[in-house]
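> Here you go, data.txt (compact mmCIF, N, CA and C atoms):
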# COMPACT_ATOMS: atom_id res chain seq x y z
N MET A 361 -1.84 -0.97 11.57
CA MET A 361 -0.80 -1.10 12.52
C MET A 361 0.48 -0.54 11.88
N ASP A 362 1.22 0.26 12.60
CA ASP A 362 2.44 0.89 12.11
C ASP A 362 3.64 0.20 12.76
N LEU A 363 4.49 -0.43 11.95
CA LEU A 363 5.63 -1.17 12.48
C LEU A 363 6.93 -0.36 12.44
N TYR A 364 6.88 0.88 12.01
CA TYR A 364 8.09 1.66 11.78
C TYR A 364 9.00 1.78 13.00
N ARG A 365 8.46 2.07 14.15
CA ARG A 365 9.28 2.33 15.34
C ARG A 365 9.56 1.09 16.19
N LEU A 366 9.10 -0.06 15.74
CA LEU A 366 9.28 -1.27 16.51
C LEU A 366 10.59 -1.97 16.14
N GLU A 367 11.22 -2.57 17.14
CA GLU A 367 12.40 -3.40 16.92
C GLU A 367 11.95 -4.75 16.38
N PRO A 368 12.81 -5.47 15.64
CA PRO A 368 12.41 -6.77 15.09
C PRO A 368 11.84 -7.73 16.13
N SER A 369 12.42 -7.76 17.32
CA SER A 369 11.91 -8.68 18.35
C SER A 369 10.51 -8.26 18.81
N GLU A 370 10.23 -6.96 18.82
CA GLU A 370 8.90 -6.49 19.21
C GLU A 370 7.86 -6.89 18.16
N ILE A 371 8.25 -6.87 16.90
CA ILE A 371 7.33 -7.24 15.82
C ILE A 371 6.99 -8.72 15.93
N VAL A 372 8.00 -9.55 16.18
CA VAL A 372 7.77 -10.99 16.33
C VAL A 372 6.83 -11.25 17.50
N ASP A 373 7.01 -10.51 18.59
CA ASP A 373 6.17 -10.70 19.79
C ASP A 373 4.71 -10.34 19.57
N LEU A 374 4.39 -9.60 18.52
CA LEU A 374 3.00 -9.24 18.24
C LEU A 374 2.18 -10.44 17.75
N ASN A 375 2.87 -11.47 17.26
CA ASN A 375 2.19 -12.68 16.74
C ASN A 375 1.12 -12.33 15.70
N LEU A 376 1.48 -11.48 14.77
CA LEU A 376 0.51 -11.03 13.77
C LEU A 376 -0.01 -12.15 12.88
N GLU A 377 0.76 -13.24 12.75
CA GLU A 377 0.30 -14.35 11.92
C GLU A 377 -1.02 -14.93 12.43
N GLN A 378 -1.36 -14.69 13.67
CA GLN A 378 -2.65 -15.16 14.20
C GLN A 378 -3.81 -14.58 13.39
N TYR A 379 -3.63 -13.38 12.86
CA TYR A 379 -4.70 -12.70 12.15
C TYR A 379 -4.89 -13.24 10.74
N TRP A 380 -3.86 -13.73 10.09
CA TRP A 380 -4.05 -14.24 8.73
C TRP A 380 -4.00 -15.75 8.65
N GLU A 381 -3.60 -16.43 9.70
CA GLU A 381 -3.61 -17.89 9.69
C GLU A 381 -4.83 -18.45 10.42
N GLY A 382 -5.63 -17.60 11.04
CA GLY A 382 -6.83 -18.05 11.74
C GLY A 382 -6.53 -18.73 13.07
N ILE A 383 -5.41 -18.38 13.68
CA ILE A 383 -5.05 -18.93 14.98
C ILE A 383 -5.70 -18.06 16.06
N GLU A 384 -6.59 -18.62 16.82
CA GLU A 384 -7.28 -17.96 17.93
C GLU A 384 -8.30 -16.92 17.49
N VAL A 385 -8.21 -16.37 16.30
CA VAL A 385 -9.18 -15.39 15.81
C VAL A 385 -9.56 -15.75 14.37
N GLU A 386 -10.75 -15.36 13.96
CA GLU A 386 -11.18 -15.59 12.58
C GLU A 386 -10.39 -14.65 11.66
N PRO A 387 -9.86 -15.16 10.54
CA PRO A 387 -9.09 -14.29 9.63
C PRO A 387 -9.94 -13.10 9.17
N GLY A 388 -9.30 -11.97 9.05
CA GLY A 388 -9.99 -10.76 8.61
C GLY A 388 -9.03 -9.80 7.96
N ILE A 389 -9.38 -8.56 7.94
CA ILE A 389 -8.54 -7.54 7.32
C ILE A 389 -7.55 -7.02 8.35
N VAL A 390 -6.29 -6.99 7.95
CA VAL A 390 -5.23 -6.44 8.79
C VAL A 390 -4.47 -5.44 7.92
N ALA A 391 -4.45 -4.18 8.31
CA ALA A 391 -3.71 -3.16 7.58
C ALA A 391 -2.41 -2.88 8.33
N ILE A 392 -1.28 -3.05 7.63
CA ILE A 392 0.03 -2.91 8.26
C ILE A 392 0.87 -1.91 7.48
N GLU A 393 1.28 -0.87 8.17
CA GLU A 393 2.21 0.10 7.61
C GLU A 393 3.62 -0.38 7.86
N TRP A 394 4.51 -0.21 6.89
CA TRP A 394 5.90 -0.68 6.98
C TRP A 394 5.93 -2.21 7.07
N ALA A 395 5.11 -2.87 6.24
CA ALA A 395 5.02 -4.33 6.25
C ALA A 395 6.33 -5.00 5.84
N ASP A 396 7.21 -4.27 5.20
CA ASP A 396 8.51 -4.86 4.83
C ASP A 396 9.32 -5.24 6.07
N ARG A 397 8.92 -4.76 7.23
CA ARG A 397 9.61 -5.09 8.48
C ARG A 397 9.11 -6.41 9.09
N LEU A 398 8.07 -6.98 8.51
CA LEU A 398 7.56 -8.27 9.01
C LEU A 398 8.58 -9.37 8.74
N PRO A 399 8.74 -10.30 9.67
CA PRO A 399 9.65 -11.42 9.42
C PRO A 399 9.14 -12.32 8.30
N TYR A 400 7.83 -12.42 8.14
CA TYR A 400 7.24 -13.12 7.00
C TYR A 400 5.82 -12.60 6.81
N LYS A 401 5.33 -12.80 5.60
CA LYS A 401 3.99 -12.34 5.24
C LYS A 401 3.12 -13.54 4.90
N PRO A 402 1.80 -13.35 4.87
CA PRO A 402 0.93 -14.46 4.47
C PRO A 402 1.20 -14.89 3.03
N GLU A 403 0.72 -16.06 2.66
CA GLU A 403 0.93 -16.56 1.29
C GLU A 403 0.26 -15.67 0.26
N SER A 404 -0.89 -15.11 0.59
CA SER A 404 -1.63 -14.23 -0.32
C SER A 404 -2.07 -12.99 0.44
N TYR A 405 -1.93 -11.85 -0.20
CA TYR A 405 -2.37 -10.61 0.42
C TYR A 405 -2.54 -9.53 -0.63
N LEU A 406 -3.22 -8.48 -0.25
CA LEU A 406 -3.42 -7.32 -1.10
C LEU A 406 -2.47 -6.24 -0.61
N GLN A 407 -1.59 -5.81 -1.48
CA GLN A 407 -0.62 -4.76 -1.13
C GLN A 407 -1.12 -3.44 -1.71
N ILE A 408 -1.12 -2.41 -0.89
CA ILE A 408 -1.56 -1.09 -1.32
C ILE A 408 -0.39 -0.13 -1.16
N GLU A 409 0.01 0.48 -2.25
CA GLU A 409 1.09 1.47 -2.20
C GLU A 409 0.50 2.86 -2.41
N LEU A 410 0.81 3.77 -1.51
CA LEU A 410 0.32 5.14 -1.59
C LEU A 410 1.45 6.04 -2.06
N SER A 411 1.15 6.92 -3.00
CA SER A 411 2.16 7.83 -3.53
C SER A 411 1.48 9.11 -4.02
N TYR A 412 2.29 10.00 -4.55
CA TYR A 412 1.79 11.24 -5.12
C TYR A 412 2.13 11.29 -6.60
N THR A 413 1.24 11.88 -7.39
CA THR A 413 1.52 12.10 -8.80
C THR A 413 2.38 13.36 -8.94
N GLU A 414 2.83 13.63 -10.15
CA GLU A 414 3.63 14.84 -10.39
C GLU A 414 2.84 16.11 -10.09
N LYS A 415 1.50 16.04 -10.20
CA LYS A 415 0.64 17.19 -9.91
C LYS A 415 0.35 17.33 -8.42
N GLY A 416 0.79 16.35 -7.61
CA GLY A 416 0.53 16.40 -6.18
C GLY A 416 -0.72 15.67 -5.74
N ASP A 417 -1.42 15.03 -6.70
CA ASP A 417 -2.59 14.24 -6.36
C ASP A 417 -2.15 12.94 -5.67
N ARG A 418 -3.01 12.37 -4.88
CA ARG A 418 -2.72 11.10 -4.22
C ARG A 418 -3.05 9.95 -5.16
N LEU A 419 -2.23 8.90 -5.08
CA LEU A 419 -2.42 7.74 -5.93
C LEU A 419 -2.32 6.48 -5.08
N ALA A 420 -3.29 5.60 -5.19
CA ALA A 420 -3.26 4.31 -4.50
C ALA A 420 -3.16 3.23 -5.57
N THR A 421 -2.12 2.41 -5.48
CA THR A 421 -1.91 1.31 -6.41
C THR A 421 -2.09 0.01 -5.65
N LEU A 422 -2.94 -0.89 -6.16
CA LEU A 422 -3.23 -2.16 -5.49
C LEU A 422 -2.57 -3.31 -6.25
N PHE A 423 -1.93 -4.20 -5.50
CA PHE A 423 -1.27 -5.36 -6.06
C PHE A 423 -1.80 -6.62 -5.38
N ASN A 424 -2.17 -7.61 -6.17
CA ASN A 424 -2.56 -8.91 -5.64
C ASN A 424 -1.30 -9.75 -5.55
N VAL A 425 -0.89 -10.13 -4.35
CA VAL A 425 0.33 -10.91 -4.14
C VAL A 425 -0.09 -12.32 -3.71
N GLY A 426 0.36 -13.33 -4.43
CA GLY A 426 0.05 -14.70 -4.07
C GLY A 426 -1.05 -15.29 -4.91
N GLN A 427 -1.61 -16.38 -4.43
CA GLN A 427 -2.57 -17.18 -5.19
C GLN A 427 -4.02 -16.72 -5.06
N GLU A 428 -4.38 -16.17 -3.93
CA GLU A 428 -5.79 -15.83 -3.67
C GLU A 428 -6.28 -14.73 -4.61
N ASP A 429 -7.51 -14.87 -5.07
CA ASP A 429 -8.13 -13.88 -5.94
C ASP A 429 -8.95 -12.93 -5.09
N PHE A 430 -8.62 -11.65 -5.12
CA PHE A 430 -9.36 -10.65 -4.36
C PHE A 430 -10.36 -9.99 -5.29
N ASN A 431 -11.62 -10.01 -4.90
CA ASN A 431 -12.67 -9.37 -5.69
C ASN A 431 -12.95 -8.00 -5.10
N LEU A 432 -12.59 -6.98 -5.85
CA LEU A 432 -12.80 -5.61 -5.38
C LEU A 432 -13.79 -4.90 -6.28
N ASN A 433 -14.74 -4.22 -5.68
CA ASN A 433 -15.66 -3.39 -6.43
C ASN A 433 -15.29 -1.94 -6.14
N LEU A 434 -14.46 -1.37 -6.97
CA LEU A 434 -13.96 -0.02 -6.72
C LEU A 434 -15.02 1.05 -6.96
N ASP A 435 -16.14 0.67 -7.58
CA ASP A 435 -17.23 1.63 -7.78
C ASP A 435 -17.88 2.01 -6.46
N GLN A 436 -17.72 1.17 -5.43
CA GLN A 436 -18.35 1.42 -4.14
C GLN A 436 -17.44 2.17 -3.18
N ILE A 437 -16.24 2.48 -3.60
CA ILE A 437 -15.29 3.17 -2.71
C ILE A 437 -15.42 4.67 -2.90
Would you mind giving the structure from this file in structure tokens?

Amino acid sequence: MDLYRLEPSEIVDLNLEQYWEGIEVEPGIVAIEWADRLPYKPESYLQIELSYTEKGDRLATLFNVGQEDFNLNLDQI
């Protein structure tokens, strides 16, 4: 989901917390672009930052934010 062009009130109206708090739907994976525009984030989440190296290669950096332990097997990606 891309939040870049949305106004703050439009973001609130999306009720995205339903996806990570298990309200009405089972919690699952939610990918959000421009997540810094969220009024609040879940207690634990995996943050992925995409950038370029000096050579122009793509770089994905993963950060575990919060208490939850994320088990990733990067050999399968």
> So the first atom is atom C of A:Phe423 and the second is atom C of A:Ser404; what is the distance between them in Å, to one decimal place?
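Distance reported for this atom pair: 8.6 Å.
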> Could you pull out the residues in chain A that DSSP calls strand (DSSP E) from the backbone, as a list of chain:residue names?
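Output for chain A, strand (DSSP E) only: A:Tyr405, A:Leu406, A:Gln407, A:Ile408, A:Glu409, A:Leu410, A:Ser411, A:Tyr412, A:Arg418, A:Leu419, A:Ala420, A:Thr421, A:Leu422, A:Phe423, A:Asn424, A:Val425.
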> Enumerate, as a list in words, the protein, DNA and RNA residues whose atoms approach (-1.7, -0.2, 2.7) to within 7 Å, taking into account all atoms listed in the file and the coordinate frame of the file.
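The requested residues, written out, are Ala391, Ile392, Glu393, Leu406, Gln407, Ile408, Glu409 and Leu410 of chain A.
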> Could you check which of A:Arg397, A:Asp429, A:Glu403, A:Ser411 is closest to A:Met361, using only C-alpha atoms?
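Residue with the minimum atom-to-atom distance to A:Met361: A:Arg397.
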> Please provide the set of residues having any atom within 6 Å of A:Tyr364, restricted to only C-alpha atoms, with same-chain residues fewer than 2 positions apart removed, written as a ChimeraX atom specification.
/A:362,366,394
> Kindly indicate which residue among A:Tyr405, A:Pro368, A:Tyr400, A:Leu376 lies nearest to A:Asn424, using all atoms listed in the file for the distances.
A:Tyr405
> Looking only at alpha helix (DSSP H) from DSSP on the backbone, list the matching residues of chain A as a ChimeraX atom specification.
/A:368-373,377-381
> Mind pulling up the distance from atom C of A:Leu363 to atom CA of A:Asn431?
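If I compute the distance from atom CA of A:Asn431 to atom C of A:Leu363, I get 28.2 Å.
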> One decimal, in Å: what's the spacing between atom CA of A:Glu381 and atom C of A:Leu419?
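Separation between atom CA of A:Glu381 and atom C of A:Leu419: 28.5 Å.
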